[in-house]
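Next comes work-v4.txt, with compact mmCIF, C-alpha atoms.
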# COMPACT_ATOMS: atom_id res chain seq x y z
CA SER P 55 -92.83 80.68 18.18
CA THR P 56 -96.32 81.17 16.71
CA LEU P 57 -94.75 82.21 13.43
CA ILE P 58 -92.67 79.04 13.32
CA ILE P 59 -95.72 76.89 13.99
CA LEU P 60 -97.70 78.62 11.21
CA THR P 61 -94.79 78.25 8.78
CA ASN P 62 -94.48 74.54 9.60
CA GLN P 63 -98.23 74.07 9.08
CA LEU P 64 -98.09 75.81 5.67
CA ILE P 65 -95.16 73.69 4.61
CA SER P 66 -96.86 70.48 5.75
CA GLN P 67 -100.08 71.52 3.93
CA LYS P 68 -98.12 72.10 0.69
CA ILE P 69 -96.41 68.74 1.07
CA MET P 70 -99.75 67.07 1.75
CA LYS P 71 -101.36 68.71 -1.31
CA SER P 72 -98.43 67.61 -3.48
CA PHE P 73 -98.69 64.07 -2.14
CA ILE P 74 -102.46 63.93 -2.80
CA ALA P 75 -102.01 65.27 -6.35
CA CYS P 76 -99.35 62.64 -7.11
CA ALA P 77 -101.54 59.89 -5.64
CA LEU P 78 -104.51 60.96 -7.79
CA ILE P 79 -102.43 61.02 -10.97
CA ALA P 80 -100.89 57.62 -10.23
CA SER P 81 -104.24 56.01 -9.42
CA ALA P 82 -105.88 57.37 -12.58
CA SER P 83 -103.45 55.42 -14.76
CA ALA P 84 -104.54 52.22 -13.03
CA PHE P 85 -107.93 52.51 -14.78
CA ALA P 86 -106.57 53.31 -18.23
CA PRO P 87 -106.32 50.23 -20.47
CA THR P 88 -102.84 49.45 -21.65
CA GLN P 89 -104.04 47.38 -24.62
CA PRO P 90 -107.42 46.24 -25.94
CA ALA P 91 -108.85 43.21 -24.20
CA PHE P 92 -109.69 41.55 -27.53
CA ALA P 93 -107.17 42.64 -30.14
CA ARG P 94 -107.87 41.64 -33.75
CA VAL P 95 -105.24 39.32 -35.06
CA ALA P 96 -104.86 38.60 -38.75
CA THR P 97 -104.99 34.92 -39.49
CA SER P 98 -104.01 33.07 -42.59
CA ILE P 99 -107.64 32.17 -43.27
CA ASN P 100 -108.56 35.87 -43.46
CA SER P 101 -106.05 36.46 -46.21
CA PHE P 102 -106.78 33.34 -48.29
CA GLU P 103 -107.86 33.86 -51.85
CA GLY P 104 -108.20 31.38 -54.64
CA LYS P 105 -105.45 30.70 -57.14
CA PHE P 106 -107.30 32.60 -59.90
CA GLU P 107 -108.65 35.49 -57.81
CA GLY P 108 -108.39 38.70 -59.86
CA GLN P 109 -107.88 36.73 -63.09
CA VAL P 110 -110.29 35.57 -65.77
CA TRP P 111 -112.42 32.74 -64.35
CA ASP P 112 -112.84 30.62 -67.47
CA VAL P 113 -113.26 26.90 -68.06
CA GLU P 114 -109.49 26.33 -68.26
CA SER P 115 -109.04 27.93 -64.82
CA LYS P 116 -111.87 25.80 -63.45
CA GLN P 117 -110.28 22.64 -64.88
CA ASP P 118 -106.98 23.52 -63.19
CA VAL P 119 -108.70 24.00 -59.81
CA TYR P 120 -110.73 20.80 -60.33
CA ALA P 121 -107.56 18.81 -61.10
CA SER P 122 -105.98 19.88 -57.78
CA TRP P 123 -109.21 19.49 -55.75
CA ASP P 124 -109.01 16.85 -52.99
CA PRO P 125 -112.61 15.92 -52.07
CA ASN P 126 -111.45 14.25 -48.83
CA ALA P 127 -109.76 17.42 -47.52
CA ALA P 128 -111.72 20.28 -45.97
CA ARG P 129 -113.21 22.84 -48.33
CA SER P 130 -111.13 26.03 -48.57
CA PRO P 131 -110.38 28.83 -51.07
CA LEU P 132 -107.65 26.59 -52.48
CA ASN P 133 -109.56 23.28 -52.29
CA PHE P 134 -113.06 23.24 -53.79
CA ASN P 135 -115.00 21.87 -56.74
CA PRO P 136 -115.38 24.77 -59.21
CA PHE P 137 -118.10 22.88 -61.11
CA GLU P 138 -120.29 22.40 -58.03
CA THR P 139 -123.48 24.45 -57.88
CA PHE P 140 -125.31 25.65 -54.79
CA GLU P 141 -128.86 26.96 -55.12
CA GLY P 142 -128.29 27.30 -58.88
CA ASN P 143 -125.08 29.34 -58.57
CA SER P 144 -121.46 28.54 -59.34
CA PRO P 145 -118.59 29.49 -57.00
CA ASN P 146 -116.14 32.32 -57.61
CA PRO P 147 -112.36 31.67 -57.92
CA SER P 148 -112.10 31.38 -54.12
CA GLY P 149 -114.94 28.87 -53.80
CA PHE P 150 -117.54 31.26 -52.37
CA PHE P 151 -121.11 31.44 -53.64
CA PRO P 152 -123.30 34.53 -54.14
CA GLY P 153 -124.74 35.62 -50.81
CA GLU P 154 -121.76 34.47 -48.78
CA GLY P 155 -119.81 37.25 -47.07
CA ARG P 156 -116.56 36.83 -48.98
CA TYR P 157 -118.09 36.38 -52.44
CA LYS P 158 -116.74 38.68 -55.16
CA ASP P 159 -117.94 38.62 -58.76
CA PRO P 160 -115.36 36.83 -60.90
CA MET P 161 -113.88 38.24 -64.08
CA ARG P 162 -115.69 36.30 -66.79
CA PRO P 163 -114.36 35.77 -70.31
CA ASP P 164 -116.09 36.74 -73.52
CA VAL P 165 -117.67 33.62 -75.01
CA SER P 166 -119.23 32.62 -78.28
CA TYR P 167 -121.83 29.96 -78.98
CA ALA P 168 -119.12 27.64 -80.35
CA GLN P 169 -117.06 28.11 -77.15
CA MET P 170 -120.16 27.37 -75.06
CA GLN P 171 -120.59 24.07 -76.92
CA VAL P 172 -116.98 23.09 -76.14
CA GLU P 173 -117.52 24.01 -72.47
CA ARG P 174 -120.78 22.02 -72.38
CA ALA P 175 -118.85 18.90 -73.49
CA ILE P 176 -116.31 19.47 -70.68
CA LEU P 177 -119.09 19.95 -68.11
CA ASP P 178 -120.86 16.80 -69.30
CA ASP P 179 -117.62 14.85 -68.90
CA VAL P 180 -117.14 16.19 -65.35
CA ALA P 181 -120.74 15.30 -64.47
CA ALA P 182 -120.36 11.78 -65.93
CA ASN P 183 -117.10 11.13 -64.01
CA PRO P 184 -117.38 12.85 -60.61
CA LYS P 185 -114.40 12.82 -58.24
CA ALA P 186 -116.67 12.50 -55.21
CA SER P 187 -120.28 12.27 -54.16
CA PRO P 188 -122.18 15.13 -52.49
CA GLY P 189 -121.54 15.42 -48.78
CA CYS P 190 -117.79 14.82 -48.89
CA ALA P 191 -115.48 17.03 -46.82
CA GLY P 192 -114.52 19.20 -49.81
CA CYS P 193 -118.13 19.73 -50.99
CA LYS P 194 -120.56 22.53 -50.23
CA ASN P 195 -123.60 20.25 -50.59

Reformat the file's structure so that it appears as structure tokens.
Amino acid sequence: STLIILTNQLISQKIMKSFIACALIASASAFAPTQPAFARVATSINSFEGKFEGQVWDVESKQDVYASWDPNAARSPLNFNPFETFEGNSPNPSGFFPGEGRYKDPMRPDVSYAQMQVERAILDDVAANPKASPGCAGCKN
């Protein structure tokens, strides 16, 4: 009878140890995160680049962007004034200025003095006939 009691106690101790081990394993998973609390999600604004990003950023490209620029719409990589200056700098093909986080140096064309004179005439025409005044929704200034 004593042997039966000892055997039953050993069996119940083994069962109890198994139960405790399972309970510890199950409770540990309750503290493990299943997914990050703040997952990064790609948005369309993160992937926006200008129409001429990675191409030569010459006066013809700037004229194309200027022609499609809507000064009443919010400024974006696809809607900005390429002839606008900010602190003496011109924007890149995505509308960002030097010092801004997403600014990348544009690919500039080779130019001659004669080409610079032609471009100066274009810039003078743009300055004489602005699409909008500073402070509009599509302007940096």

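Nearest to Cys193 (chain P) of all the residues P:Asp118, P:Asp159, P:Asp124, P:Glu154 is P:Asp124, based on only C-alpha atoms.
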
I'd like to know which of P:Arg129, P:Arg174, P:Lys71, P:Arg156 is closest to Glu103 (chain P), using only C-alpha atoms.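 Under the stated criterion, the closest residue is P:Arg156.
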
For Gly142 (chain P), find every residue with an atom within 12 Å (counting only C-alpha atoms), except residues of its own chain fewer than 4 positions away, and show them as a PyMOL selection string. chain P and resi 137-138+151-152+195

Determine, counting all atoms listed in the file, which protein, DNA and RNA residues have an atom within 10 Å of an atom of Asp164 (chain P); residues of the same chain fewer than 4 positions away are not included. Present the result as a list in words.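 Contacts, in chain order: Val110, Asp112 and Gln169 of chain P.
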
Calculated over only C-alpha atoms, which of the candidates P:Ser122, P:Phe140, P:Ile69, P:Ser115 has the smallest distance to Lys185 (chain P)? P:Ser122

Selection near Leu177 (chain P), 10 Å with only C-alpha atoms, sequence-local residues under 6 positions removed, as a list in words: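 Here the qualifying residues turn out to be Val113, Gln117, Phe137, Gln171 and Asn183 of chain P.
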
Just checking: using all atoms listed in the file, which residue out of P:Cys76, P:Arg162, P:Thr139, P:Gln63 ends up closest to Ala181 (chain P)?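 Once distances to Ala181 (chain P) are computed over all atoms listed in the file, the minimum belongs to P:Thr139.
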
Taking into account all atoms listed in the file, which residue in the set P:Pro160, P:Pro147, P:Gly155, P:Pro125 is nearest to Gly189 (chain P)? P:Pro125
